[in-house]
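So this one's final39.txt, compact mmCIF, C-alpha atoms and all ligand atoms:
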```
# COMPACT_ATOMS: atom_id res chain seq x y z
CA MET A 37 0.00 0.00 0.00
CA LYS A 38 1.65 3.21 -1.15
CA VAL A 39 1.33 6.32 1.02
CA SER A 40 1.91 9.83 -0.32
CA ALA A 41 1.67 13.19 1.42
CA ILE A 42 0.94 16.78 0.53
CA ILE A 43 2.14 19.61 2.74
CA VAL A 44 0.37 22.91 2.25
CA ALA A 45 3.01 25.59 2.79
CA ALA A 46 1.86 28.32 0.43
CA GLY A 47 0.86 30.88 3.04
CA ALA A 48 2.58 34.26 3.03
CA GLY A 49 1.18 35.00 6.47
CA SER A 50 3.33 36.56 9.15
CA ARG A 51 0.45 36.96 11.62
CA ALA A 52 2.54 34.87 14.02
CA GLY A 53 5.21 37.58 13.99
CA GLY A 54 8.61 37.71 12.32
CA GLU A 55 9.55 38.69 8.79
CA LEU A 56 9.49 35.24 7.23
CA PRO A 57 6.29 33.37 6.37
CA LYS A 58 5.68 31.28 9.51
CA GLN A 59 6.44 27.92 7.84
CA TYR A 60 10.06 29.04 7.37
CA ASN A 61 10.67 30.37 10.87
CA ARG A 62 13.10 28.35 12.96
CA LEU A 63 11.73 26.11 15.69
CA LEU A 64 14.41 24.69 18.02
CA GLY A 65 17.00 25.37 15.32
CA LYS A 66 15.07 23.81 12.42
CA PRO A 67 12.71 25.44 9.88
CA VAL A 68 9.06 24.83 10.79
CA LEU A 69 8.36 23.13 7.42
CA ARG A 70 11.27 20.69 7.86
CA TRP A 71 9.75 19.23 11.05
CA SER A 72 6.73 17.92 9.11
CA ILE A 73 8.75 16.62 6.15
CA GLU A 74 11.11 14.70 8.43
CA ALA A 75 8.24 13.24 10.48
CA LEU A 76 6.42 12.01 7.36
CA LEU A 77 9.57 10.44 5.88
CA ARG A 78 10.45 8.84 9.24
CA ALA A 79 6.99 7.26 9.37
CA GLY A 80 7.61 5.62 5.99
CA VAL A 81 5.62 7.95 3.71
CA GLU A 82 7.08 7.28 0.25
CA GLU A 83 6.33 10.54 -1.57
CA VAL A 84 6.06 14.08 -0.20
CA VAL A 85 4.96 17.05 -2.33
CA VAL A 86 5.01 20.54 -0.82
CA ALA A 87 2.77 23.32 -2.19
CA ILE A 88 4.79 26.52 -1.76
CA GLY A 89 3.92 30.17 -2.28
CA ALA A 90 5.08 32.38 -5.14
CA GLY A 91 8.65 33.54 -4.63
CA GLN A 92 9.34 31.02 -1.83
CA ASP A 93 11.62 28.69 -3.85
CA GLU A 94 14.75 29.82 -2.03
CA PHE A 95 13.13 29.41 1.41
CA PHE A 96 11.90 25.97 0.41
CA ARG A 97 15.30 24.80 -0.85
CA ALA A 98 16.95 25.89 2.38
CA ALA A 99 14.25 24.32 4.58
CA ALA A 100 14.15 20.99 2.73
CA SER A 101 17.83 20.64 1.81
CA ALA A 102 18.97 17.04 1.27
CA LEU A 103 15.44 15.65 1.84
CA PRO A 104 13.70 13.66 -0.94
CA VAL A 105 10.72 16.01 -1.48
CA ARG A 106 9.35 18.03 -4.38
CA ALA A 107 7.73 21.45 -4.48
CA VAL A 108 4.85 22.67 -6.61
CA GLN A 109 3.49 26.18 -6.92
CA GLY A 110 0.49 26.55 -4.61
CA GLY A 111 -2.62 28.56 -5.39
CA ALA A 112 -4.54 31.51 -3.99
CA THR A 113 -6.52 29.38 -1.51
CA ARG A 114 -5.76 26.26 0.48
CA THR A 115 -8.07 24.26 -1.79
CA ASP A 116 -6.21 25.53 -4.89
CA SER A 117 -2.86 24.56 -3.34
CA VAL A 118 -4.04 21.02 -2.59
CA ARG A 119 -5.43 20.78 -6.14
CA ALA A 120 -2.02 21.75 -7.57
CA ALA A 121 -0.16 19.27 -5.37
CA LEU A 122 -2.63 16.46 -6.16
CA SER A 123 -1.80 16.76 -9.86
CA ALA A 124 1.87 16.18 -8.97
CA ILE A 125 1.22 13.08 -6.85
CA SER A 126 1.78 9.78 -8.61
CA ASP A 127 -0.48 6.73 -8.49
CA THR A 128 -0.92 5.94 -4.81
CA ASP A 129 -3.26 4.35 -2.28
CA VAL A 130 -3.35 6.75 0.68
CA ILE A 131 -2.87 10.53 0.62
CA LEU A 132 -2.14 12.55 3.74
CA ILE A 133 -2.71 16.30 3.57
CA HIS A 134 -0.96 18.39 6.19
CA ASP A 135 -0.54 22.07 7.09
CA ALA A 136 3.10 23.19 7.32
CA ALA A 137 2.10 25.43 10.25
CA ARG A 138 1.61 22.30 12.40
CA PRO A 139 5.19 21.05 12.86
CA GLY A 140 4.53 18.95 16.00
CA LEU A 141 3.70 15.89 13.93
CA SER A 142 4.41 12.55 15.61
CA GLU A 143 5.03 9.22 13.96
CA THR A 144 2.30 7.77 16.18
CA THR A 145 -0.33 10.10 14.73
CA ILE A 146 0.81 9.48 11.14
CA ARG A 147 0.70 5.71 11.60
CA ALA A 148 -2.74 5.82 13.28
CA LEU A 149 -4.16 7.82 10.35
CA ILE A 150 -2.67 5.51 7.72
CA GLU A 151 -3.99 2.49 9.63
CA ALA A 152 -7.49 3.99 9.72
CA VAL A 153 -7.54 4.38 5.92
CA ARG A 154 -6.01 0.93 5.49
CA SER A 155 -8.93 -0.42 7.53
CA GLY A 156 -11.48 1.17 5.22
CA ALA A 157 -11.96 4.81 6.30
CA ILE A 158 -12.45 7.20 3.37
CA GLY A 159 -11.31 10.35 5.18
CA VAL A 160 -9.92 10.69 8.71
CA ALA A 161 -8.28 13.43 10.80
CA PRO A 162 -6.95 13.95 14.32
CA ALA A 163 -9.06 16.15 16.59
CA LEU A 164 -9.16 17.40 20.19
CA PRO A 165 -12.15 18.16 22.40
CA ALA A 166 -13.04 21.81 22.99
CA ALA A 167 -12.26 22.17 26.70
CA ASP A 168 -13.21 25.83 27.06
CA ALA A 169 -16.77 27.13 26.99
CA LEU A 170 -17.74 28.37 23.53
CA GLN A 171 -19.64 31.61 23.05
CA ARG A 172 -20.56 33.55 19.98
CA VAL A 173 -20.00 37.31 20.18
CA GLY A 174 -21.43 40.27 18.30
CA ALA A 175 -20.07 43.79 18.02
CA ASN A 176 -17.62 44.83 20.78
CA ASN A 177 -17.28 41.22 21.95
CA VAL A 178 -20.74 41.23 23.47
CA VAL A 179 -21.84 37.64 23.95
CA VAL A 180 -24.91 36.80 21.93
CA GLU A 181 -25.04 33.02 22.27
CA GLU A 182 -23.65 30.11 24.28
CA ILE A 183 -22.69 27.12 22.20
CA ALA A 184 -22.88 23.67 23.77
CA ARG A 185 -19.44 22.16 23.42
CA GLU A 186 -20.57 18.54 23.66
CA ASN A 187 -19.71 16.79 20.36
CA LEU A 188 -17.62 19.75 19.22
CA LEU A 189 -14.08 18.82 18.24
CA ARG A 190 -11.15 20.93 17.06
CA VAL A 191 -9.86 19.34 13.86
CA GLN A 192 -6.15 19.18 13.10
CA THR A 193 -4.03 17.87 10.26
CA PRO A 194 -2.70 15.65 8.74
CA GLN A 195 -5.95 14.41 7.25
CA ALA A 196 -5.71 11.03 5.55
CA PHE A 197 -7.73 9.82 2.59
CA ASN A 198 -8.39 6.93 0.32
CA ALA A 199 -6.53 8.34 -2.72
CA ALA A 200 -9.13 7.43 -5.34
CA ALA A 201 -11.98 8.90 -3.29
CA LEU A 202 -10.01 12.11 -2.67
CA ARG A 203 -9.23 12.56 -6.36
CA ALA A 204 -12.87 11.96 -7.26
CA ALA A 205 -14.00 14.54 -4.68
CA TYR A 206 -11.55 17.16 -5.97
CA ALA A 207 -12.66 16.48 -9.56
CA ALA A 208 -16.27 17.04 -8.51
CA ILE A 209 -15.97 20.30 -6.56
CA GLY A 210 -14.85 22.38 -9.53
CA ASN A 211 -13.41 25.68 -8.35
CA GLY A 212 -15.00 25.56 -4.91
CA THR A 213 -13.07 26.62 -1.81
CA PHE A 214 -13.21 24.64 1.44
CA ALA A 215 -11.81 25.04 4.94
CA ASP A 216 -10.05 21.68 4.84
CA ASP A 217 -10.06 18.39 2.97
CA LEU A 218 -12.52 16.59 5.22
CA ALA A 219 -14.96 19.31 4.11
CA VAL A 220 -14.18 18.54 0.47
CA MET A 221 -15.03 14.88 1.08
CA ARG A 222 -18.20 15.70 2.99
CA ALA A 223 -19.32 17.98 0.16
CA ARG A 224 -19.34 14.79 -1.90
CA GLY A 225 -21.37 12.97 0.74
CA ALA A 226 -18.49 10.80 1.94
CA GLU A 227 -18.45 9.72 5.59
CA THR A 228 -15.44 11.19 7.41
CA LYS A 229 -14.27 10.45 10.92
CA LEU A 230 -11.97 11.79 13.62
CA ILE A 231 -9.39 10.07 15.79
CA ALA A 232 -7.51 11.28 18.88
CA GLY A 233 -5.51 14.43 18.17
CA ASP A 234 -2.33 15.70 19.77
CA PRO A 235 -1.81 19.05 21.57
CA ARG A 236 1.62 19.23 19.94
CA LEU A 237 -0.14 19.47 16.57
CA MET A 238 -1.20 23.01 17.47
CA LYS A 239 -1.19 25.42 14.53
CA ILE A 240 1.27 28.29 14.68
CA THR A 241 -1.07 31.23 14.27
CA TYR A 242 -0.47 34.03 16.76
CA PRO A 243 2.63 35.73 18.20
CA GLY A 244 3.87 33.55 21.05
CA ASP A 245 2.72 30.29 19.42
CA LEU A 246 6.22 29.48 18.17
CA GLU A 247 7.66 29.85 21.69
CA MET A 248 4.84 27.77 23.19
CA LEU A 249 5.43 25.01 20.66
CA ALA A 250 9.18 25.13 21.23
CA ARG A 251 8.48 24.34 24.90
CA LEU A 252 6.16 21.47 23.96
CA LEU A 253 8.61 19.95 21.48
CA ASP A 254 11.84 20.54 23.39
CA ASP A 255 13.12 17.03 24.09
CA ARG A 256 16.52 18.01 25.49
CA PHE A 257 17.65 16.31 28.68
CA VAL A 258 20.56 16.74 31.03
CA SER A 259 23.20 14.03 30.92
CA VAL A 260 26.12 13.90 33.37
CA GLY A 261 29.24 11.84 32.70
CA GLN A 262 32.19 11.11 34.95
CA GLY A 263 35.79 10.29 34.09
CA ILE A 264 38.75 9.08 36.15
CA ASP A 265 42.39 8.77 35.14
CA ALA A 266 45.75 8.21 36.82
CA HIS A 267 49.31 8.25 35.56
CA ARG A 268 52.54 7.16 37.20
CA PHE A 269 55.43 9.60 37.72
CA GLY A 270 58.70 8.79 35.94
CA GLY A 271 61.67 10.61 34.53
CA GLY A 272 61.33 14.03 33.01
CA ASP A 273 61.27 17.73 33.74
CA HIS A 274 57.62 18.67 33.29
CA VAL A 275 54.04 17.43 33.36
CA THR A 276 51.17 18.44 31.06
CA LEU A 277 47.85 18.92 32.82
CA CYS A 278 44.68 20.30 31.19
CA GLY A 279 46.82 21.37 28.24
CA VAL A 280 49.28 23.39 30.36
CA ARG A 281 52.97 22.50 30.59
CA ILE A 282 54.20 22.72 34.19
CA PRO A 283 57.92 22.40 35.05
CA HIS A 284 58.44 19.59 37.60
CA GLU A 285 61.28 17.37 38.76
CA LYS A 286 59.44 14.32 37.35
CA GLY A 287 57.35 13.61 34.28
CA LEU A 288 54.20 11.52 33.89
CA LEU A 289 54.45 8.18 32.12
CA GLY A 290 51.89 7.33 29.49
CA HIS A 291 51.46 6.41 25.90
CA SER A 292 50.29 9.90 24.92
CA ASP A 293 51.34 13.11 26.67
CA ALA A 294 49.83 11.62 29.89
CA ASP A 295 47.54 14.61 30.49
CA ALA A 296 45.42 12.92 33.17
CA GLY A 297 43.21 16.01 33.55
CA TRP A 298 42.07 16.02 29.95
CA HIS A 299 41.92 12.21 29.79
CA ALA A 300 39.47 12.22 32.71
CA LEU A 301 37.55 15.01 31.00
CA VAL A 302 37.38 13.12 27.69
CA ASP A 303 36.00 10.09 29.55
CA ALA A 304 33.44 12.31 31.29
CA ILE A 305 32.19 13.69 27.94
CA LEU A 306 32.16 10.22 26.38
CA GLY A 307 30.28 8.99 29.45
CA ALA A 308 27.60 11.67 29.11
CA LEU A 309 27.19 10.63 25.47
CA GLY A 310 27.18 6.88 26.22
CA GLU A 311 30.13 6.53 23.84
CA GLY A 312 32.41 4.15 25.75
CA ASP A 313 35.81 5.21 27.07
CA ILE A 314 38.92 6.92 25.77
CA GLY A 315 40.74 3.59 25.37
CA ALA A 316 38.10 2.38 22.91
CA HIS A 317 38.47 5.51 20.76
CA PHE A 318 42.28 5.83 21.03
CA PRO A 319 43.72 2.36 21.79
CA PRO A 320 47.08 2.60 23.61
CA SER A 321 48.21 -0.24 21.31
CA ASP A 322 47.92 2.10 18.30
CA PRO A 323 51.33 3.70 17.61
CA GLN A 324 49.74 6.82 16.11
CA TRP A 325 48.79 8.02 19.62
CA LYS A 326 52.35 7.68 20.98
CA GLY A 327 53.27 11.00 22.56
CA ALA A 328 50.03 12.47 21.19
CA ASP A 329 48.84 15.87 22.31
CA SER A 330 45.67 15.14 24.32
CA GLU A 331 44.00 18.14 22.70
CA LYS A 332 43.27 15.71 19.84
CA PHE A 333 41.31 13.46 22.21
CA LEU A 334 39.37 16.37 23.67
CA ARG A 335 38.51 17.72 20.21
CA HIS A 336 37.32 14.25 19.21
CA ALA A 337 34.97 14.10 22.21
CA LEU A 338 33.66 17.56 21.33
CA HIS A 339 33.08 16.46 17.75
CA LEU A 340 31.09 13.41 18.95
CA ALA A 341 28.96 15.70 21.12
CA ASP A 342 28.29 18.03 18.16
CA ALA A 343 27.41 15.08 15.92
CA ALA A 344 24.87 13.90 18.52
CA GLY A 345 23.27 17.36 18.67
CA ALA A 346 24.50 17.67 22.26
CA THR A 347 25.92 20.79 23.85
CA ILE A 348 28.35 20.86 26.74
CA SER A 349 26.90 22.97 29.56
CA HIS A 350 29.70 22.66 32.11
CA VAL A 351 32.81 20.67 32.93
CA ASP A 352 34.62 20.21 36.24
CA VAL A 353 38.08 18.67 36.63
CA THR A 354 39.73 17.80 39.96
CA LEU A 355 43.46 17.01 39.98
CA VAL A 356 44.74 14.98 42.93
CA CYS A 357 48.46 15.21 43.79
CA GLU A 358 50.87 16.51 46.43
CA ARG A 359 53.07 18.15 43.82
CA PRO A 360 53.38 20.00 41.51
CA LYS A 361 51.28 22.73 43.09
CA ILE A 362 48.26 23.26 40.82
CA GLY A 363 47.03 26.60 42.20
CA PRO A 364 49.41 28.84 40.22
CA HIS A 365 48.37 27.13 36.94
CA ARG A 366 44.66 26.71 37.60
CA GLU A 367 43.48 29.73 35.60
CA ALA A 368 45.68 28.82 32.63
CA MET A 369 44.20 25.29 32.68
CA ARG A 370 40.66 26.67 32.73
CA ALA A 371 41.46 29.02 29.84
CA ARG A 372 43.04 26.26 27.71
CA THR A 373 40.15 23.87 28.36
CA ALA A 374 37.55 26.57 27.64
CA ALA A 375 39.34 27.47 24.39
CA VAL A 376 39.39 23.89 23.10
CA LEU A 377 35.76 23.24 24.06
CA ASP A 378 34.71 26.67 22.79
CA LEU A 379 33.01 27.43 26.12
CA PRO A 380 32.89 30.63 28.19
CA ILE A 381 35.36 30.35 31.05
CA ASP A 382 32.60 30.32 33.69
CA ARG A 383 31.49 26.93 32.34
CA VAL A 384 34.87 25.36 33.04
CA SER A 385 36.12 24.48 36.50
CA VAL A 386 39.58 23.17 37.38
CA LYS A 387 40.47 22.48 41.00
CA ALA A 388 42.96 20.47 43.00
CA THR A 389 43.30 18.53 46.21
CA THR A 390 45.77 16.22 47.95
CA THR A 391 45.25 12.97 49.85
CA GLU A 392 47.03 14.26 52.98
CA ARG A 393 50.08 12.17 52.06
CA MET A 394 48.05 8.95 52.15
CA GLY A 395 48.29 6.20 49.54
CA PHE A 396 50.04 6.16 46.16
CA LEU A 397 49.10 9.76 45.48
CA GLY A 398 50.43 10.83 48.89
CA ARG A 399 53.69 9.02 48.25
CA GLU A 400 53.94 10.88 44.94
CA GLU A 401 54.05 7.70 42.91
CA GLY A 402 51.53 9.17 40.55
CA LEU A 403 48.80 11.70 39.92
CA ALA A 404 45.05 11.21 39.46
CA ALA A 405 42.25 13.25 37.93
CA PHE A 406 38.48 13.14 38.27
CA ALA A 407 36.08 14.97 35.95
CA THR A 408 32.40 15.46 35.34
CA ALA A 409 30.79 16.81 32.18
CA THR A 410 27.21 18.07 32.06
CA LEU A 411 25.66 17.90 28.59
CA LEU A 412 22.30 18.89 27.14
CA ARG A 413 21.27 16.11 24.78
CA ARG A 414 18.34 15.49 22.46
CA SER A 415 16.25 12.34 22.54
CA SER A 416 17.14 10.18 19.57
MG MG A 501 45.33 8.64 30.70
```

Could you express the structure from this file as structure tokens?
Amino acid sequence: MKVSAIIVAAGAGSRAGGELPKQYNRLLGKPVLRWSIEALLRAGVEEVVVAIGAGQDEFFRAAASALPVRAVQGGATRTDSVRAALSAISDTDVILIHDAARPGLSETTIRALIEAVRSGAIGVAPALPAADALQRVGANNVVVEEIARENLLRVQTPQAFNAAALRAAYAAIGNGTFADDLAVMRARGAETKLIAGDPRLMKITYPGDLEMLARLLDDRFVSVGQGIDAHRFGGGDHVTLCGVRIPHEKGLLGHSDADAGWHALVDAILGALGEGDIGAHFPPSDPQWKGADSEKFLRHALHLADAAGATISHVDVTLVCERPKIGPHREAMRARTAAVLDLPIDRVSVKATTTERMGFLGREEGLAAFATATLLRRSS
């Protein structure tokens, strides 16, 4: 059973505020129109045609870049736009028609609509009950009539149709104009039905709607990772900690530059991403990491975070050693770490402690580092 979709995006309206037509505004970093296209494709819809407004080709190309969708020129009314897109849709079984101004489209809703048509419905749409009292007003907002809200539903999109029945209905209505496509079907006497809607399918209409929707759709969550590292002291005349070279009577032994501070930090970032540990990404057995500058490892962790759509909110590194004294170098370490992670300095903490001369750290056999990284991630 082939499923196709039409997205009506021809509006020039900027009633919702902003200079762009609302379907091209950015919602959580992504154009409003792109949300719907991605949701439809994710749900397995095979063909998506977007009806765009005159002069919106550039906006469309930017919003839909790299996605397998086509655009057609929309018309003066919603009905005209759907008519234009229908003529561009190939032979198919189910057609979904959706408003670009409703970007909060879930796969669950799409699948439920397709299933309803598959089970024999001719036309079906999601809808929500009217929770508020409904009153009709006359001039100056004077109430002239109460309207019983029982059996009144607020209809959303996408609306899903048996393709043959939809084409027949559009052929029959001539040049008529309708509020939506369920109305087109009903004008032909077809039985249409409603299924459970979704508050996130709200239509961006008024100023403030975009912000409200951003709150509803924001799926970011806080993820905290921890990292621990230790290196043994050996011969040498300096140590490198959090990217800063510190003169010392001993060096730190390790395959790379033995920067325990940044190694712990890399593990903390990897931990927050669920990406394993530093050894898995940079095996000590691999000669290319011999003597490596640990900045490479830190940049790699940052790259993985970027690729996952995650942002680093804050990092905290604790160095544990008797000597060298960390205090005089603390600010330089913060600055180096902040520079590599491209973070403001107040989001980077470096601190130090000793073990009161106890244990291997107290005996100055080695140095240890502990780190946490707090990331904002997106649900996958
Ligand atoms: Mg290490």

Practice prompt. Grab the CA of Gly111 in chain A to CA of Gly212 in chain A distance for me, in Å with one decimal place.
Written response: 12.7 Å

Practice prompt. Find the spatial neighbours of Pro194 in chain A, counting all atoms listed in the file, within a cut-off of 7 Å - ignore same-chain residues fewer than 6 positions away - and output them as a list in words.
Written response: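 Surrounding residues, per the criterion: Leu132, Ile133, His134, Asp135 and Ala161 of chain A.
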
Practice prompt. Could you please extract the residues within 9 Å of ligand MG 501 (chain A), counting all atoms listed in the file, and hand them back as a PyMOL selection string?
Written response: chain A and resi 264-267+290-300+314-315

Discussion item. Which residues are close to Met238 in chain A, i.e. within 9 Å by only C-alpha atoms, leaving aside same-chain residues fewer than 6 positions away? Reply as a VMD selection string.
Written reply: chain A and resid 137 to 140 192 245 249

Fill in: Selected residue of minimal separation from Pro67 in chain A among A:Glu83, A:Glu311, A:Ala98, A:Thr391, counting all atoms listed in the file
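With all atoms listed in the file as the atom set, the closest residue is A:Ala98.
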
Discussion item. Using all atoms listed in the file, can you tell me which of A:Gly395, A:Leu334, A:Ala407, A:Lys326 comes closest to Asp352 in chain A?
Written reply: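 That would be A:Ala407, the residue with the smallest distance to Asp352 in chain A.
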
Worksheet item: In Å, how far is it from CA of Gln109 in chain A to CA of Thr128 in chain A?
Response: 20.8 Å

Worksheet entry | Ala375 in chain A surroundings by all atoms listed in the file, 12 Å radius, close-in-sequence under 2 positions cut, as a PyMOL selection string | chain A and resi 278-279+331+334-335+338+368-373+377-384

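Each of A:Gly174, A:Pro165, A:Gly233, A:Gly47 was checked against Thr144 in chain A using all atoms listed in the file; the smallest atom-to-atom distance is that of A:Gly233.
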
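Between Arg281 in chain A and the residues A:Ile362, A:Ile305, A:Ala48, A:Leu218, the shortest atom-to-atom distance, using only C-alpha atoms, involves A:Ile362.
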
Discussion item. Can you measure CA of Ala344 in chain A to CA of Leu309 in chain A for me? One decimal in Å is fine.
Written reply: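 It comes out at 8.0 Å.
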
Fill in: Near-Ala208 in chain A list (10 Å; only C-alpha atoms; drop same-chain fewer than 4 positions) as a PyMOL selection string
chain A and resi 202-204+212+220-221+223-224

Discussion item. Give me the residues near His274 in chain A as a ChimeraX atom specification, where near means some atom within 7 Å (using all atoms listed in the file) and where sequence neighbours in that chain fewer than 6 positions away do not count.
Written reply: /A:281-287
